[in-house]
Amino acid sequence: MRTVQVGQYGGTEVLAVADLPVPMCGPEQILVKVLAAGVNFIDTYQRSGLYPLPTPFTLGREGSGEVVEVGANVSGIEVGALVAWPAVQGSYAEYVTMSAADCIVVPTDIDGNTACAAMLQGMTAHYLVTSVFDVKPKDVALVHAAAGGVGLLLCQLIAARGGTVIGTVSTEDKATAARLAGAHHIIRYDREDVAQSVREITNGNGVDVVYDGVGASTFEASLQSLTLRGLMVTFGNASGPIPPFELLRLSGLGSLSIIRPTLNDYIATHEEMQWRADELFAGVVGGTLNFAIGGTYPLSDAARAQDDLEGRRTSGKLLLIPEH
Ligand code: NDP
């Protein structure tokens with residue numbers, strides 16, 4: 001089967017399509033034929049070595065696919081079922097094995113691409129607005145990269161909970177996408193002063209929460225945009241990791257709080273993962289949540305997909321489709 005491997009850390013030139021045997025399905029596992037593998041920023045951090053893994057390894061953590069074999073000790077999942085998963089290393093491949101607890105059985109009214117998109121980015125947006133900061137009506141949130149994969153979902157979920165979204169984007173097309181997703185105000189952070197614009201929009205108050213997946217280039221403006229006792233949520237490093245930070249500054253900035261969460265800790269049990277998936281799928285079926293697929297690529301074009309993602313040329317979810 002074809003896989004996309006990293007043999008040494010580096011740019012997208014290190015990605016290599018490699019033929020490996022289809023993995024054996026253990027008694028506690030299922031074997032899945034991958035129909036879509038999600039492209040996420042974490043894949044680029046693993047490729048570059050920012051989040052190191054022992055090399056060589058197969059990239060990818062998110063996907064959806066058809067169950068083709070079920071281990072002897074697994075119950076509740078049948079051959080032929082459509083499943084999706086947010087955190088199975090090695091998903092840039094034609095087949096993957098996983099434990100039943102690692103995946104969600106997809107309801108029949110959800111298609112495979114949507115199910116895949118709901119996993120890593122969907123569950124991330126969900127835990128950010130429910131469990132990290134429980135967004136309520138009248139809350140005002142600053143969402144960076146509001147037209148990105150996580151960003152478009154944050155806009156929709158915050159707006160659905162009655163919150164106000166101020167989104168940052170780098171192009172007019174992205175501004176339109178973020179507005180369609182529910183952003184009430186847009187800041188072009190490529191040419192506007194973010195903290196100053198936030199103060200103008202909020203009559204000087206600042207925002208209750210900042211969702212910042214951009215990292216190094218936005219961190220300082222994010223802090224300056226918060227209201228008294230606001231919460232800084234730094235959840236990613238698309239522009240690079242944040243340098244060491246002096247905690248005492250949080251006091252001078254208005255008794256701010258800061259959190260650096262990661263998805264795995266918010267899908268710590270299968271029940272929690274299932275709850276997030278159920279709410280996301282209910283949003284799709286109810287017409288309140290849309291997973292915009294920003295691009296599909298053959299599995300063998302993973303490098304091009306990552307170049308587009310890191311080159312800021314994309315909006316929404318990118319998927320790799322194995323050729324089989
Ligand atoms: P996106 O689709 O949001 O792509 C990243 C976006 O960031 C770009 O489109 C771009 O939007 C913006 N950006 C700003 N500066 C840069 C830069 N220098 N280089 C590249 N992009 C830049 O990606 P994802 O939705 O996959 O991920 C968003 C963030 O969320 C990432 O940091 C990721 O690591 C993080 N994440 C964290 C998780 C967690 O649990 N902690 C889980 C999932 C994702 P624009 O052109 O508008 O500036």
# chains A, B, ... in the order shown; residues from 1 in each chain; ligands from 1
$ residues_around --residues "region 29-31 of chain A" --least-positions-apart "2" --cutoff "7 Å" --atoms "only C-alpha atoms" --output "number ranges by chain"
A: 25-27, 33, 67-71, 74, 95-100
$ write_last_selection --atoms "all heavy atoms" --output "CSV table (one decimal), in the first residue's frame"
chain,number,residue,atom,x,y,z
A,25,CYS,N,-4.1,-6.7,11.2
A,25,CYS,CA,-5.2,-6.3,12.1
A,25,CYS,C,-5.1,-7.2,13.4
A,25,CYS,O,-5.4,-8.4,13.3
A,25,CYS,CB,-6.5,-6.4,11.4
A,25,CYS,SG,-7.9,-6.0,12.4
A,26,GLY,N,-4.7,-6.6,14.5
A,26,GLY,CA,-4.6,-7.4,15.7
A,26,GLY,C,-6.0,-7.7,16.3
A,26,GLY,O,-7.0,-7.1,15.8
A,27,PRO,N,-6.1,-8.6,17.3
A,27,PRO,CA,-7.4,-9.0,17.9
A,27,PRO,C,-8.2,-7.8,18.5
A,27,PRO,O,-9.4,-7.9,18.5
A,27,PRO,CB,-7.1,-10.0,18.9
A,27,PRO,CG,-5.6,-9.9,19.1
A,27,PRO,CD,-5.0,-9.3,17.9
A,33,LYS,N,-9.7,0.9,5.3
A,33,LYS,CA,-9.3,1.4,4.0
A,33,LYS,C,-9.6,2.9,4.0
A,33,LYS,O,-10.7,3.3,4.1
A,33,LYS,CB,-10.2,0.7,2.9
A,33,LYS,CG,-9.9,1.1,1.5
A,33,LYS,CD,-10.8,0.3,0.6
A,33,LYS,CE,-10.7,0.8,-0.8
A,33,LYS,NZ,-11.6,0.1,-1.7
A,67,VAL,N,-14.3,0.2,7.1
A,67,VAL,CA,-13.8,-0.9,7.9
A,67,VAL,C,-13.7,-2.1,7.0
A,67,VAL,O,-14.7,-2.5,6.4
A,67,VAL,CB,-14.6,-1.2,9.2
A,67,VAL,CG1,-14.1,-2.4,9.9
A,67,VAL,CG2,-14.7,0.0,10.1
A,68,VAL,N,-12.5,-2.8,6.9
A,68,VAL,CA,-12.4,-3.9,6.0
A,68,VAL,C,-12.1,-5.2,6.8
A,68,VAL,O,-12.2,-6.3,6.3
A,68,VAL,CB,-11.4,-3.7,4.9
A,68,VAL,CG1,-11.8,-2.7,3.9
A,68,VAL,CG2,-10.0,-3.4,5.4
A,69,GLU,N,-11.7,-5.1,8.1
A,69,GLU,CA,-11.4,-6.2,8.9
A,69,GLU,C,-11.7,-5.8,10.4
A,69,GLU,O,-11.3,-4.7,10.7
A,69,GLU,CB,-10.0,-6.7,8.7
A,69,GLU,CG,-9.7,-8.1,9.2
A,69,GLU,CD,-8.3,-8.6,8.9
A,69,GLU,OE1,-7.7,-8.1,8.0
A,69,GLU,OE2,-7.8,-9.4,9.7
A,70,VAL,N,-12.2,-6.7,11.1
A,70,VAL,CA,-12.5,-6.5,12.5
A,70,VAL,C,-11.8,-7.5,13.4
A,70,VAL,O,-12.1,-8.7,13.2
A,70,VAL,CB,-14.0,-6.4,12.8
A,70,VAL,CG1,-14.3,-6.2,14.3
A,70,VAL,CG2,-14.7,-5.3,12.0
A,71,GLY,N,-11.0,-7.1,14.4
A,71,GLY,CA,-10.3,-8.1,15.2
A,71,GLY,C,-11.3,-8.9,16.1
A,71,GLY,O,-12.4,-8.5,16.4
A,74,VAL,N,-13.1,-7.3,19.1
A,74,VAL,CA,-13.8,-6.0,18.9
A,74,VAL,C,-15.3,-6.2,18.7
A,74,VAL,O,-15.7,-7.1,17.9
A,74,VAL,CB,-13.2,-5.3,17.7
A,74,VAL,CG1,-13.9,-4.0,17.5
A,74,VAL,CG2,-11.7,-5.0,17.9
A,95,TYR,N,-4.2,2.2,4.0
A,95,TYR,CA,-4.8,1.5,5.0
A,95,TYR,C,-4.2,1.8,6.4
A,95,TYR,O,-3.0,2.1,6.5
A,95,TYR,CB,-4.6,0.0,4.8
A,95,TYR,CG,-5.3,-0.6,3.6
A,95,TYR,CD1,-4.8,-0.5,2.4
A,95,TYR,CD2,-6.6,-1.1,3.7
A,95,TYR,CE1,-5.4,-1.0,1.2
A,95,TYR,CE2,-7.3,-1.6,2.6
A,95,TYR,CZ,-6.7,-1.5,1.4
A,95,TYR,OH,-7.4,-2.0,0.3
A,96,VAL,N,-5.0,1.8,7.4
A,96,VAL,CA,-4.5,2.0,8.8
A,96,VAL,C,-5.2,1.0,9.7
A,96,VAL,O,-6.4,0.7,9.5
A,96,VAL,CB,-4.7,3.4,9.4
A,96,VAL,CG1,-3.7,4.4,8.8
A,96,VAL,CG2,-6.1,3.9,9.2
A,97,THR,N,-4.5,0.7,10.8
A,97,THR,CA,-5.2,-0.1,11.9
A,97,THR,C,-5.3,0.8,13.1
A,97,THR,O,-4.5,1.8,13.2
A,97,THR,CB,-4.3,-1.3,12.3
A,97,THR,OG1,-3.0,-0.9,12.6
A,97,THR,CG2,-4.3,-2.4,11.3
A,98,MET,N,-6.3,0.6,13.9
A,98,MET,CA,-6.5,1.4,15.1
A,98,MET,C,-7.4,0.5,16.0
A,98,MET,O,-8.0,-0.4,15.6
A,98,MET,CB,-7.2,2.7,14.8
A,98,MET,CG,-8.6,2.5,14.2
A,98,MET,SD,-9.3,4.1,13.5
A,98,MET,CE,-8.4,4.1,12.0
A,99,SER,N,-7.4,1.0,17.3
A,99,SER,CA,-8.4,0.3,18.2
A,99,SER,C,-9.7,0.9,18.0
A,99,SER,O,-9.8,2.1,17.5
A,99,SER,CB,-7.9,0.5,19.7
A,99,SER,OG,-8.3,1.8,20.1
A,100,ALA,N,-10.8,0.2,18.4
A,100,ALA,CA,-12.1,0.7,18.1
A,100,ALA,C,-12.3,2.0,18.9
A,100,ALA,O,-13.1,2.9,18.5
A,100,ALA,CB,-13.1,-0.3,18.6
$ residues_around --residues "region 150-157 of chain A" --least-positions-apart "6" --cutoff "10 Å" --atoms "only C-alpha atoms" --output "MDAnalysis selection string"
chainID A and resid 40 117:118 120:126 128:130 135 141:144 163:169 174 177:184 211:213 280 283 288:292 315:317
$ residues_around --residues "Met232 (chain A)" --least-positions-apart "3" --cutoff "7 Å" --atoms "only C-alpha atoms" --output "VMD selection string"
chain A and resid 209 to 211 223 257 to 259
$ write_last_selection --atoms "N, CA, C and O atoms" --output "PDB file, in the first residue's frame"
ATOM      1  N   VAL A 209     -11.978  36.671  25.080  1.00  0.00           N
ATOM      2  CA  VAL A 209     -11.115  35.527  24.800  1.00  0.00           C
ATOM      3  C   VAL A 209     -10.461  35.725  23.439  1.00  0.00           C
ATOM      4  O   VAL A 209     -11.079  36.273  22.526  1.00  0.00           O
ATOM      5  N   VAL A 210      -9.226  35.296  23.330  1.00  0.00           N
ATOM      6  CA  VAL A 210      -8.532  35.259  22.030  1.00  0.00           C
ATOM      7  C   VAL A 210      -8.233  33.805  21.709  1.00  0.00           C
ATOM      8  O   VAL A 210      -7.672  33.090  22.540  1.00  0.00           O
ATOM      9  N   TYR A 211      -8.622  33.376  20.516  1.00  0.00           N
ATOM     10  CA  TYR A 211      -8.247  32.052  20.017  1.00  0.00           C
ATOM     11  C   TYR A 211      -7.134  32.261  19.006  1.00  0.00           C
ATOM     12  O   TYR A 211      -7.372  32.760  17.906  1.00  0.00           O
ATOM     13  N   LEU A 223      -2.435  39.501  23.292  1.00  0.00           N
ATOM     14  CA  LEU A 223      -2.432  39.916  24.703  1.00  0.00           C
ATOM     15  C   LEU A 223      -2.985  41.324  24.852  1.00  0.00           C
ATOM     16  O   LEU A 223      -3.756  41.624  25.770  1.00  0.00           O
ATOM     17  N   SER A 257      -5.411  35.503  31.957  1.00  0.00           N
ATOM     18  CA  SER A 257      -5.071  34.082  32.049  1.00  0.00           C
ATOM     19  C   SER A 257      -4.575  33.619  30.685  1.00  0.00           C
ATOM     20  O   SER A 257      -4.931  34.198  29.651  1.00  0.00           O
ATOM     21  N   ILE A 258      -3.785  32.567  30.713  1.00  0.00           N
ATOM     22  CA  ILE A 258      -3.267  32.035  29.451  1.00  0.00           C
ATOM     23  C   ILE A 258      -3.291  30.515  29.534  1.00  0.00           C
ATOM     24  O   ILE A 258      -3.043  29.941  30.589  1.00  0.00           O
ATOM     25  N   ILE A 259      -3.667  29.890  28.422  1.00  0.00           N
ATOM     26  CA  ILE A 259      -3.704  28.427  28.383  1.00  0.00           C
ATOM     27  C   ILE A 259      -3.136  27.970  27.057  1.00  0.00           C
ATOM     28  O   ILE A 259      -3.326  28.625  26.023  1.00  0.00           O
TER      29      ILE A 259
END
$ select_by_dssp --residues "region 287-324 of chain A" --states "strand (DSSP E or B)" --output "list of chain:residue names"
A:Ile293, A:Gly294, A:Gly295, A:Thr296, A:Tyr297, A:Pro298, A:Lys317, A:Leu318, A:Leu319, A:Leu320, A:Ile321
$ atom_distance --atom1 "CA of Glu172 (chain A)" --atom2 "atom 47 (O, counted along the ligand's line) of ligand 1"
9.4 Å
$ residues_near_ligand --ligand "ligand 1" --cutoff "6 Å" --atoms "only C-alpha atoms and all ligand atoms" --output "VMD selection string"
chain A and resid 40 to 42 121 124 145 147 to 151 169 to 170 213 to 214 235 to 239 261 to 263 309 to 312 314 to 316
$ closest_atom_pairs --of "region 86-151 of chain A" --to "region 58-66 of chain A" --cutoff "7 Å" --atoms "only C-alpha atoms" --output "Markdown table"
| residue | atom | partner | partner_atom | distance |
| --- | --- | --- | --- | --- |
| A:Pro86 | CA | A:Glu62 | CA | 4.5 |
| A:Ala87 | CA | A:Arg61 | CA | 4.7 |
| A:Val88 | CA | A:Arg61 | CA | 4.7 |
| A:Gln89 | CA | A:Arg61 | CA | 4.6 |
| A:Gly90 | CA | A:Thr58 | CA | 4.5 |
| A:Ser91 | CA | A:Gly60 | CA | 4.4 |
| A:Tyr92 | CA | A:Gly60 | CA | 4.8 |
| A:Gly112 | CA | A:Ser64 | CA | 5.9 |
| A:Ala115 | CA | A:Ser64 | CA | 6.6 |
| A:Cys116 | CA | A:Gly63 | CA | 5.0 |
| A:Met119 | CA | A:Glu62 | CA | 6.7 |
| A:Leu120 | CA | A:Glu62 | CA | 6.2 |
$ write_last_selection --atoms "N, CA, C and O atoms" --output "compact mmCIF listing (two decimals), in the first residue's frame"
# COMPACT_ATOMS: atom_id res chain seq x y z
N PRO A 86 -9.62 11.22 14.79
CA PRO A 86 -8.87 12.47 14.88
C PRO A 86 -7.39 12.31 15.20
O PRO A 86 -6.64 13.27 15.06
N ALA A 87 -6.96 11.14 15.66
CA ALA A 87 -5.60 11.07 16.22
C ALA A 87 -5.00 9.68 16.08
O ALA A 87 -4.62 9.06 17.07
N VAL A 88 -4.92 9.20 14.84
CA VAL A 88 -4.24 7.91 14.59
C VAL A 88 -3.03 8.20 13.72
O VAL A 88 -3.17 8.54 12.54
N GLN A 89 -1.84 8.10 14.32
CA GLN A 89 -0.62 8.41 13.58
C GLN A 89 -0.45 7.45 12.40
O GLN A 89 -0.64 6.24 12.56
N GLY A 90 -0.14 8.00 11.22
CA GLY A 90 0.07 7.16 10.04
C GLY A 90 -1.11 7.17 9.09
O GLY A 90 -1.28 6.24 8.29
N SER A 91 -1.90 8.22 9.13
CA SER A 91 -3.13 8.25 8.33
C SER A 91 -2.92 8.67 6.88
O SER A 91 -3.84 8.55 6.07
N TYR A 92 -1.73 9.19 6.52
CA TYR A 92 -1.44 9.45 5.10
C TYR A 92 -1.07 8.09 4.48
O TYR A 92 0.10 7.82 4.17
N GLY A 112 -18.23 10.89 3.97
CA GLY A 112 -16.88 10.59 4.45
C GLY A 112 -15.99 11.82 4.55
O GLY A 112 -15.21 11.95 5.49
N ALA A 115 -17.10 13.85 7.51
CA ALA A 115 -16.73 13.16 8.75
C ALA A 115 -15.26 13.37 9.06
O ALA A 115 -14.88 13.63 10.21
N CYS A 116 -14.43 13.28 8.04
CA CYS A 116 -12.99 13.49 8.24
C CYS A 116 -12.74 14.90 8.75
O CYS A 116 -12.02 15.11 9.73
N MET A 119 -13.25 15.72 12.43
CA MET A 119 -12.44 15.04 13.46
C MET A 119 -11.44 15.99 14.11
O MET A 119 -11.70 16.56 15.14
N LEU A 120 -10.29 16.20 13.47
CA LEU A 120 -9.23 16.94 14.18
C LEU A 120 -9.58 18.43 14.30
O LEU A 120 -9.57 19.00 15.40
$ atom_distance --atom1 "CA of Leu228 (chain A)" --atom2 "CA of Pro241 (chain A)"
25.3 Å
$ select_by_dssp --residues "region 129-303 of chain A" --states "helix (DSSP H, G or I)" --output "VMD selection string"
chain A and resid 129 to 132 149 to 160 172 to 180 194 to 201 219 to 224 249 to 252 263 to 266 270 to 285 299 to 303
$ atom_distance --atom1 "CA of Val6 (chain A)" --atom2 "CA of Asp301 (chain A)"
14.1 Å
